[in-house]
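Note: the block below is input-v5.csv and it holds CSV, C-alpha atoms.
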chain,number,residue,atom,x,y,z
Q,1,MET,CA,286.8,-211.3,97.3
Q,2,SER,CA,285.7,-212.3,100.7
Q,3,LYS,CA,285.9,-215.9,101.8
Q,4,TRP,CA,283.2,-216.7,104.4
Q,5,PHE,CA,282.4,-220.0,106.1
Q,6,ILE,CA,279.1,-220.7,107.8
Q,7,SER,CA,279.3,-222.3,111.3
Q,8,GLY,CA,277.0,-222.3,114.3
Q,9,PHE,CA,275.9,-223.5,117.7
Q,10,ALA,CA,274.6,-226.9,116.8
Q,11,ASP,CA,273.5,-227.7,120.4
Q,12,GLU,CA,270.5,-225.5,119.6
Q,13,ILE,CA,269.4,-228.2,117.1
Q,14,ASP,CA,269.4,-231.0,119.7
Q,15,PRO,CA,271.4,-232.0,122.8
Q,16,SER,CA,272.5,-235.2,121.0
Q,17,LEU,CA,275.8,-234.7,119.1
Q,18,ASP,CA,274.7,-237.4,116.7
Q,19,ARG,CA,271.5,-235.5,115.8
Q,20,GLN,CA,273.4,-232.3,115.6
Q,21,LEU,CA,275.8,-233.8,113.0
Q,22,GLU,CA,272.9,-235.4,111.1
Q,23,ALA,CA,271.2,-232.0,110.7
Q,24,LEU,CA,274.4,-230.2,109.7
Q,25,ALA,CA,275.0,-232.7,107.0
Q,26,GLU,CA,271.4,-232.2,105.8
Q,27,PHE,CA,271.9,-228.5,105.8
Q,28,GLY,CA,275.2,-228.6,104.0
Q,29,VAL,CA,277.1,-227.0,106.9
Q,30,GLU,CA,280.7,-228.3,107.5
Q,31,TRP,CA,281.6,-226.2,110.6
Q,32,VAL,CA,280.4,-226.0,114.2
Q,33,GLU,CA,281.0,-223.7,117.1
Q,34,LEU,CA,281.2,-226.3,119.8
Q,35,ARG,CA,279.5,-225.4,123.1
Q,36,ALA,CA,278.0,-228.6,124.3
Q,37,ALA,CA,277.6,-232.2,123.2
Q,38,ASP,CA,275.1,-234.7,124.6
Q,39,GLY,CA,274.2,-232.2,127.3
Q,40,VAL,CA,277.8,-231.7,128.5
Q,41,ASN,CA,279.4,-228.3,128.3
Q,42,VAL,CA,282.7,-228.2,126.5
Q,43,SER,CA,284.3,-226.9,129.7
Q,44,ASP,CA,283.3,-230.1,131.4
Q,45,PHE,CA,284.5,-232.6,128.8
Q,46,THR,CA,286.6,-235.4,130.2
Q,47,PRO,CA,289.5,-236.8,128.1
Q,48,GLN,CA,287.2,-239.6,127.1
Q,49,LYS,CA,284.5,-237.2,126.0
Q,50,ARG,CA,287.0,-235.2,124.0
Q,51,ARG,CA,288.1,-238.3,122.1
Q,52,GLU,CA,284.5,-239.4,121.5
Q,53,VAL,CA,283.6,-235.9,120.1
Q,54,ARG,CA,286.7,-235.7,118.0
Q,55,GLU,CA,286.0,-239.1,116.4
Q,56,LYS,CA,282.4,-238.3,115.7
Q,57,LEU,CA,283.3,-234.9,114.1
Q,58,GLN,CA,286.0,-236.5,112.0
Q,59,ALA,CA,283.6,-239.2,110.8
Q,60,ALA,CA,281.0,-236.6,109.9
Q,61,GLY,CA,283.6,-234.3,108.1
Q,62,VAL,CA,282.7,-231.4,110.4
Q,63,ARG,CA,285.4,-229.1,111.7
Q,64,VAL,CA,285.4,-226.7,114.7
Q,65,SER,CA,285.4,-223.0,114.0
Q,66,SER,CA,285.5,-222.1,117.6
Q,67,ILE,CA,285.1,-223.5,121.1
Q,68,GLY,CA,282.0,-221.8,122.4
Q,69,SER,CA,283.3,-221.6,126.0
Q,70,PRO,CA,281.7,-220.0,129.0
Q,71,ILE,CA,285.0,-218.4,130.1
Q,72,GLY,CA,284.6,-214.9,131.5
Q,73,LYS,CA,280.9,-215.4,132.3
Q,74,ILE,CA,281.3,-215.2,136.1
Q,75,SER,CA,281.0,-212.2,138.4
Q,76,LEU,CA,284.2,-210.4,139.4
Q,77,ASP,CA,283.4,-211.2,143.1
Q,78,GLU,CA,283.7,-215.0,142.4
Q,79,PRO,CA,287.0,-216.9,142.8
Q,80,PHE,CA,289.2,-216.6,139.8
Q,81,GLN,CA,291.5,-219.7,140.1
Q,82,PRO,CA,288.7,-222.3,139.5
Q,83,HIS,CA,287.8,-220.4,136.4
Q,84,MET,CA,291.4,-220.5,135.2
Q,85,GLU,CA,291.2,-224.3,135.6
Q,86,ARG,CA,288.0,-224.3,133.5
Q,87,LEU,CA,289.9,-222.3,130.8
Q,88,LYS,CA,292.6,-225.0,130.7
Q,89,ARG,CA,290.0,-227.7,130.1
Q,90,CYS,CA,288.5,-225.6,127.2
Q,91,LEU,CA,292.0,-225.1,125.8
Q,92,GLU,CA,292.6,-228.9,125.9
Q,93,ALA,CA,289.4,-229.3,123.9
Q,94,HIS,CA,290.5,-226.5,121.6
Q,95,LYS,CA,293.8,-228.3,120.9
Q,96,GLU,CA,292.4,-231.8,120.5
Q,97,LEU,CA,289.5,-230.8,118.3
Q,98,GLY,CA,291.6,-228.5,116.1
Q,99,ALA,CA,289.5,-225.4,116.7
Q,100,HIS,CA,290.4,-222.1,115.2
Q,101,TYR,CA,289.4,-219.9,118.1
Q,102,LEU,CA,288.0,-219.9,121.7
Q,103,ARG,CA,285.0,-217.6,122.4
Q,104,MET,CA,284.9,-216.0,125.8
Q,105,PHE,CA,283.5,-213.0,127.8
Q,106,SER,CA,284.7,-210.2,130.1
Q,107,PHE,CA,283.0,-210.9,133.4
Q,108,TYR,CA,279.9,-209.5,135.2
Q,109,PRO,CA,280.4,-206.4,137.4
Q,110,PRO,CA,279.2,-207.3,141.0
Q,111,GLN,CA,275.8,-205.8,141.9
Q,112,GLY,CA,276.1,-202.2,142.8
Q,113,ARG,CA,279.5,-201.7,141.3
Q,114,ALA,CA,279.8,-199.5,138.2
Q,115,PRO,CA,281.6,-201.0,135.2
Q,116,ALA,CA,284.2,-198.1,135.3
Q,117,ASP,CA,285.2,-199.2,138.7
Q,118,CYS,CA,285.8,-202.7,137.5
Q,119,ARG,CA,288.2,-201.9,134.6
Q,120,SER,CA,291.4,-202.6,136.3
Q,121,GLN,CA,290.3,-206.0,137.6
Q,122,VAL,CA,288.8,-207.0,134.2
Q,123,LEU,CA,292.1,-206.2,132.5
Q,124,ASP,CA,294.1,-208.1,135.1
Q,125,TRP,CA,291.8,-211.2,134.8
Q,126,LEU,CA,291.7,-211.0,131.0
Q,127,GLY,CA,295.5,-210.6,130.9
Q,128,ALA,CA,295.9,-213.8,132.9
Q,129,LEU,CA,293.6,-215.7,130.6
Q,130,LEU,CA,295.4,-214.3,127.6
Q,131,ASP,CA,298.8,-215.4,129.0
Q,132,GLU,CA,297.4,-219.0,129.5
Q,133,ALA,CA,295.9,-219.0,126.0
Q,134,GLY,CA,299.3,-218.0,124.6
Q,135,ARG,CA,300.8,-221.1,126.0
Q,136,TRP,CA,298.4,-223.1,123.9
Q,137,ASP,CA,298.8,-221.0,120.8
Q,138,ALA,CA,295.1,-220.1,121.0
Q,139,VAL,CA,293.3,-216.9,119.9
Q,140,LEU,CA,290.6,-215.7,122.3
Q,141,LEU,CA,287.5,-214.1,120.8
Q,142,HIS,CA,285.6,-211.6,123.1
Q,143,GLU,CA,281.8,-211.6,122.7
Q,144,ASN,CA,279.8,-208.5,123.5
Q,145,GLU,CA,277.4,-210.2,125.9
Q,146,LYS,CA,274.6,-208.3,127.7
Q,147,GLY,CA,275.6,-207.4,131.2
Q,148,ILE,CA,279.3,-208.1,131.1
Q,149,TYR,CA,281.9,-205.4,131.3
Q,150,GLY,CA,282.4,-205.4,127.5
Q,151,ASP,CA,278.7,-205.2,126.5
Q,152,THR,CA,278.9,-201.9,124.7
Q,153,ALA,CA,281.1,-201.0,121.8
Q,154,PRO,CA,283.2,-198.3,123.7
Q,155,ARG,CA,284.1,-200.8,126.4
Q,156,CYS,CA,284.8,-203.5,123.9
Q,157,LEU,CA,287.1,-201.1,122.1
Q,158,ASP,CA,288.8,-200.2,125.3
Q,159,LEU,CA,289.6,-203.8,126.1
Q,160,LEU,CA,290.8,-204.6,122.6
Q,161,GLU,CA,293.1,-201.5,122.6
Q,162,ALA,CA,294.3,-201.9,126.2
Q,163,LEU,CA,295.3,-205.6,125.8
Q,164,GLY,CA,296.6,-204.9,122.3
Q,165,SER,CA,297.2,-208.5,121.4
Q,166,PRO,CA,296.7,-210.4,118.2
Q,167,ARG,CA,295.5,-213.2,120.4
Q,168,PHE,CA,292.6,-211.1,121.7
Q,169,ARG,CA,290.0,-210.3,119.0
Q,170,ALA,CA,286.3,-209.5,118.7
Q,171,VAL,CA,283.2,-211.5,118.0
Q,172,PHE,CA,280.6,-209.2,116.6
Q,173,ASP,CA,277.1,-210.1,117.9
Q,174,PHE,CA,274.3,-208.0,116.4
Q,175,ALA,CA,271.5,-208.9,118.8
Q,176,ASN,CA,273.6,-208.6,121.9
Q,177,PHE,CA,274.5,-205.0,121.0
Q,178,LEU,CA,270.8,-204.2,120.3
Q,179,GLU,CA,269.9,-205.7,123.7
Q,180,VAL,CA,272.0,-203.1,125.5
Q,181,GLY,CA,270.8,-200.2,123.3
Q,182,GLN,CA,273.9,-200.0,121.2
Q,183,PRO,CA,273.2,-199.3,117.5
Q,184,THR,CA,275.0,-202.0,115.5
Q,185,TRP,CA,276.3,-199.7,112.7
Q,186,GLU,CA,277.9,-197.5,115.3
Q,187,ALA,CA,279.4,-200.5,117.1
Q,188,TYR,CA,280.6,-201.9,113.8
Q,189,GLN,CA,282.4,-198.8,112.8
Q,190,MET,CA,284.0,-198.6,116.2
Q,191,ILE,CA,285.5,-202.1,116.5
Q,192,LYS,CA,285.7,-203.0,112.8
Q,193,PRO,CA,289.5,-203.4,112.8
Q,194,TYR,CA,289.3,-206.0,115.5
Q,195,ILE,CA,286.4,-208.1,114.2
Q,196,GLN,CA,287.6,-211.7,113.7
Q,197,TYR,CA,284.3,-213.6,113.9
Q,198,ILE,CA,280.6,-212.9,113.5
Q,199,HIS,CA,277.6,-214.2,115.4
Q,200,ILE,CA,274.5,-214.2,113.2
Q,201,LYS,CA,271.7,-213.2,115.5
Q,202,ASP,CA,269.3,-210.3,115.0
Q,203,ALA,CA,266.7,-208.6,117.2
Q,204,ASP,CA,263.7,-206.4,116.6
Q,205,GLU,CA,262.7,-203.1,118.2
Q,206,GLU,CA,261.4,-204.9,121.2
Q,207,LYS,CA,264.7,-206.7,121.5
Q,208,LYS,CA,263.2,-210.1,120.6
Q,209,ILE,CA,265.5,-212.4,118.8
Q,210,VAL,CA,264.5,-212.8,115.1
Q,211,PRO,CA,266.2,-214.4,112.0
Q,212,ALA,CA,268.9,-212.3,110.4
Q,213,GLY,CA,267.6,-209.4,108.3
Q,214,GLN,CA,264.2,-209.3,110.1
Q,215,GLY,CA,265.4,-207.0,113.0
Q,216,GLN,CA,267.2,-203.8,113.6
Q,217,GLY,CA,270.7,-205.2,113.4
Q,218,ARG,CA,271.4,-204.0,109.8
Q,219,VAL,CA,272.9,-207.4,109.2
Q,220,GLY,CA,272.9,-207.2,105.4
Q,221,GLU,CA,274.5,-203.7,105.4
Q,222,ILE,CA,277.3,-204.7,107.7
Q,223,LEU,CA,278.0,-208.0,106.0
Q,224,ALA,CA,278.1,-206.1,102.6
Q,225,ASP,CA,280.6,-203.6,104.0
Q,226,LEU,CA,282.7,-206.4,105.4
Q,227,SER,CA,282.7,-208.1,102.0
Q,228,ALA,CA,283.7,-204.9,100.3
Q,229,SER,CA,286.7,-204.6,102.6
Q,230,GLY,CA,287.8,-208.1,101.9
Q,231,TRP,CA,287.1,-209.5,105.3
Q,232,GLU,CA,287.5,-213.3,105.6
Q,233,GLY,CA,286.1,-215.5,108.4
Q,234,PHE,CA,283.3,-217.3,110.0
Q,235,LEU,CA,279.6,-216.4,110.2
Q,236,SER,CA,278.3,-218.4,113.2
Q,237,LEU,CA,274.6,-219.0,113.6
Q,238,GLU,CA,273.3,-218.6,117.1
Q,239,PRO,CA,269.5,-218.8,116.3
Q,240,HIS,CA,268.1,-218.4,119.8
Q,241,LEU,CA,264.6,-218.6,118.2
Q,242,VAL,CA,263.3,-221.3,120.6
Q,243,ASP,CA,264.0,-222.5,124.1
Q,244,PHE,CA,266.6,-225.2,123.9
Q,245,ALA,CA,268.3,-227.5,126.4
Q,246,GLY,CA,270.9,-225.5,128.3
Q,247,LEU,CA,269.6,-222.0,127.5
Q,248,ALA,CA,268.9,-221.2,131.1
Q,249,ALA,CA,272.6,-221.8,131.9
Q,250,LEU,CA,273.7,-219.4,129.2
Q,251,GLU,CA,271.8,-216.2,130.1
Q,252,ARG,CA,271.2,-214.5,133.4
Q,253,ASP,CA,267.6,-213.5,132.5
Q,254,PRO,CA,266.6,-215.7,129.5
Q,255,GLN,CA,263.6,-214.4,127.6
Q,256,LYS,CA,260.8,-216.8,126.9
Q,257,ARG,CA,261.1,-217.9,123.2
Q,258,GLY,CA,258.6,-219.4,120.9
Q,259,ALA,CA,257.6,-223.0,121.1
Q,260,SER,CA,256.1,-223.3,117.6
Q,261,MET,CA,259.3,-224.7,116.2
Q,262,ASP,CA,261.7,-227.5,117.3
Q,263,GLY,CA,265.4,-226.8,117.4
Q,264,LYS,CA,266.2,-228.2,114.0
Q,265,THR,CA,263.5,-226.2,112.3
Q,266,ALA,CA,264.6,-223.0,114.1
Q,267,TRP,CA,268.2,-223.6,113.1
Q,268,HIS,CA,267.1,-224.1,109.4
Q,269,THR,CA,265.0,-221.0,109.6
Q,270,ALA,CA,268.0,-219.0,110.8
Q,271,LEU,CA,270.3,-220.6,108.2
Q,272,THR,CA,267.9,-219.8,105.3
Q,273,ALA,CA,267.6,-216.2,106.4
Q,274,LEU,CA,271.4,-215.9,106.4
Q,275,ARG,CA,271.8,-217.5,103.0
Q,276,GLU,CA,269.2,-215.2,101.6
Q,277,ILE,CA,271.2,-212.2,102.8
Q,278,LEU,CA,274.5,-213.7,101.4
Q,279,SER,CA,272.8,-214.2,98.0
Q,280,THR,CA,272.5,-210.4,97.7
Q,281,ILE,CA,276.2,-209.8,98.4
Q,282,PRO,CA,278.2,-210.6,95.2
Q,283,ALA,CA,281.6,-211.1,96.8
Q,284,ALA,CA,280.3,-213.3,99.6
Q,285,GLY,CA,281.0,-217.0,99.6
Here is the file; what I need is its structure written in the form of structure tokens.
Amino acid sequence: MSKWFISGFADEIDPSLDRQLEALAEFGVEWVELRAADGVNVSDFTPQKRREVREKLQAAGVRVSSIGSPIGKISLDEPFQPHMERLKRCLEAHKELGAHYLRMFSFYPPQGRAPADCRSQVLDWLGALLDEAGRWDAVLLHENEKGIYGDTAPRCLDLLEALGSPRFRAVFDFANFLEVGQPTWEAYQMIKPYIQYIHIKDADEEKKIVPAGQGQGRVGEILADLSASGWEGFLSLEPHLVDFAGLAALERDPQKRGASMDGKTAWHTALTALREILSTIPAAG
């Protein structure tokens, strides 16, 4: 029987960590994928901010499933060493906050440069990040983000196989695959052995983000197959249903999202959709 835990990016609820935690308590969610608190990205936390966040999380009984870091979300023609220093700050947060994982990416190819021509550099940079993560006993989770080297399933698989490390695993993001024209079932079958973590985000045929099960992501089918295989792990909500503070910093070309809901309502809408799907999967929970 599968054992799944619901987590999510609570900074989409509200920039305020206090309001995030209040909402999570109301929703009955005990995990968070920590990306930002009080408008400060986790990679910019000072030691004082880390302590403050740790104390508030502990008081609220909320644990950290993953650090939602921005690592790997720079172009390959940008300097690497400052990014390594940013990773170290994320790893400090990872350790102090007791996170299970650290989410990251595989870099943007420079304009006019084909992904195939970037493979060697991507592997070199990822290898360096992985070596540093190993010193902190951390597991890096690669997310299939639109526009980075590993945005399609074949390139994700190539990275996972080439690095061949139990400390480098996959986040499966339904909507991100759809945004680059990658069928999710095909992607799932390709990288299934490496999937450690799931981002719950769906998209319709126009690539607009929608609640899970309302798009083309085959979310229910894939979760049911994972359940049948005995998969255990986190299902992390990334609603992206409305514009929220910090969105422009996360995407190179952020689409305009609806303004009919506030962040808390959008998050609850996404959570309800996920719970409805899980209620149809007997072994989930």
What gap, in Å, lies between atom CA of Q:Ile222 and atom CA of Q:Leu178?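 For atom CA of Q:Ile222 relative to atom CA of Q:Leu178, the distance reads 14.2 Å.
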- With a distance cut-off of 8 Å and only C-alpha atoms, select the neighbouring residues of Q:Leu274, excluding the residue or stretch itself and same-chain residues fewer than 3 positions from it, and output the selection as JSON, numbers by chain. {"Q": [200, 211, 212, 213, 270, 271, 277, 278]}
As a check of understanding: the span from atom CA of Q:Thr46 to atom CA of Q:Ser16 is 16.8 Å
Using only C-alpha atoms, find the one residue out of Q:Arg218, Q:Arg169, Q:Lys207, Q:Arg135 that sits nearest to Q:Thr184.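 Between Q:Arg218, Q:Arg169, Q:Lys207, Q:Arg135, the residue approaching Q:Thr184 most closely is Q:Arg218.
Taking atom CA of Q:Glu179 and atom CA of Q:Ile148 as endpoints, the distance between them is 12.2 Å.
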(request) Find the residue from Q:Ala187, Q:Leu24, Q:Ile281, Q:Ala273 that sits nearest to Q:Ala228; use all atoms listed in the file when measuring. (result)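 So, comparing all the options, the nearest one is Q:Ile281.
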With distances taken over all atoms listed in the file, the candidate from Q:Glu276, Q:Asp14, Q:Asp225, Q:Asp77 nearest Q:Gln121 is Q:Asp77
Leaving out Q:Glu161 and any residue of its chain fewer than 4 positions from it, which residues lie within 12 Å of it when counting all atoms listed in the file, given as a list in words?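 Contacts, with the query itself left out: Leu123, Pro154, Arg155, Cys156, Leu157, Ser165, Pro166, Phe168, Arg169, Ala170, Met190, Ile191, Pro193 and Tyr194 of chain Q.
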*From the list Q:Gly164, Q:Pro79, Q:Gly217, Q:Pro115, which residue is nearest Q:Gln182 when using only C-alpha atoms?*
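Closest residue, counting only C-alpha atoms: Q:Gly217.
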- prompt: What lies within 6 Å of Q:Ala203 using only C-alpha atoms, ignoring chain neighbours under 3 positions off, as a ChimeraX atom specification?
  reply: /Q:175,207-210,215
Which residue gives the smallest distance to Q:Gly28 among Q:Ser7, Q:Gln58, Q:Ser66, Q:Gln81, with all atoms listed in the file counted?
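Nearest to Q:Gly28: Q:Ser7.
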- Query: So which residues touch Q:Ala23 within 10 Å, counting all atoms listed in the file, skipping near sequence neighbours fewer than 4 positions away, as a list in words?
  - Reply: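 Neighbouring residues, sequence-local ones excluded: Ala10, Ile13, Asp14, Leu17, Asp18, Arg19, Phe27, Gly28, Val29, Lys264, Thr265, Trp267 and His268 of chain Q.
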Selection file, C-alpha atoms, as an mmCIF file, keeping the file's coordinate frame:
data_model
loop_
_atom_site.group_PDB
_atom_site.id
_atom_site.type_symbol
_atom_site.label_atom_id
_atom_site.label_comp_id
_atom_site.auth_asym_id
_atom_site.auth_seq_id
_atom_site.Cartn_x
_atom_site.Cartn_y
_atom_site.Cartn_z
ATOM 1 C CA ALA Q 10 274.600 -226.900 116.800
ATOM 2 C CA ILE Q 13 269.400 -228.200 117.100
ATOM 3 C CA ASP Q 14 269.400 -231.000 119.700
ATOM 4 C CA LEU Q 17 275.800 -234.700 119.100
ATOM 5 C CA ASP Q 18 274.700 -237.400 116.700
ATOM 6 C CA ARG Q 19 271.500 -235.500 115.800
ATOM 7 C CA PHE Q 27 271.900 -228.500 105.800
ATOM 8 C CA GLY Q 28 275.200 -228.600 104.000
ATOM 9 C CA VAL Q 29 277.100 -227.000 106.900
ATOM 10 C CA LYS Q 264 266.200 -228.200 114.000
ATOM 11 C CA THR Q 265 263.500 -226.200 112.300
ATOM 12 C CA TRP Q 267 268.200 -223.600 113.100
ATOM 13 C CA HIS Q 268 267.100 -224.100 109.400
#
Shell around Q:Pro70 at 10 Å using all atoms listed in the file, local window under 3 positions removed, as a PDB file with C-alpha atoms, in the frame of the given file:
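This is the output file result-v7.pdb:
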ATOM      1  CA  ARG Q  35     279.500-225.400 123.100  1.00  0.00           C
ATOM      2  CA  ASN Q  41     279.400-228.300 128.300  1.00  0.00           C
ATOM      3  CA  VAL Q  42     282.700-228.200 126.500  1.00  0.00           C
ATOM      4  CA  SER Q  43     284.300-226.900 129.700  1.00  0.00           C
ATOM      5  CA  ILE Q  67     285.100-223.500 121.100  1.00  0.00           C
ATOM      6  CA  LYS Q  73     280.900-215.400 132.300  1.00  0.00           C
ATOM      7  CA  ILE Q  74     281.300-215.200 136.100  1.00  0.00           C
ATOM      8  CA  HIS Q  83     287.800-220.400 136.400  1.00  0.00           C
ATOM      9  CA  ARG Q  86     288.000-224.300 133.500  1.00  0.00           C
ATOM     10  CA  LEU Q  87     289.900-222.300 130.800  1.00  0.00           C
ATOM     11  CA  CYS Q  90     288.500-225.600 127.200  1.00  0.00           C
ATOM     12  CA  LEU Q 102     288.000-219.900 121.700  1.00  0.00           C
ATOM     13  CA  ARG Q 103     285.000-217.600 122.400  1.00  0.00           C
ATOM     14  CA  MET Q 104     284.900-216.000 125.800  1.00  0.00           C
ATOM     15  CA  PHE Q 105     283.500-213.000 127.800  1.00  0.00           C
ATOM     16  CA  ALA Q 249     272.600-221.800 131.900  1.00  0.00           C
ATOM     17  CA  LEU Q 250     273.700-219.400 129.200  1.00  0.00           C
TER      18      LEU Q 250
END
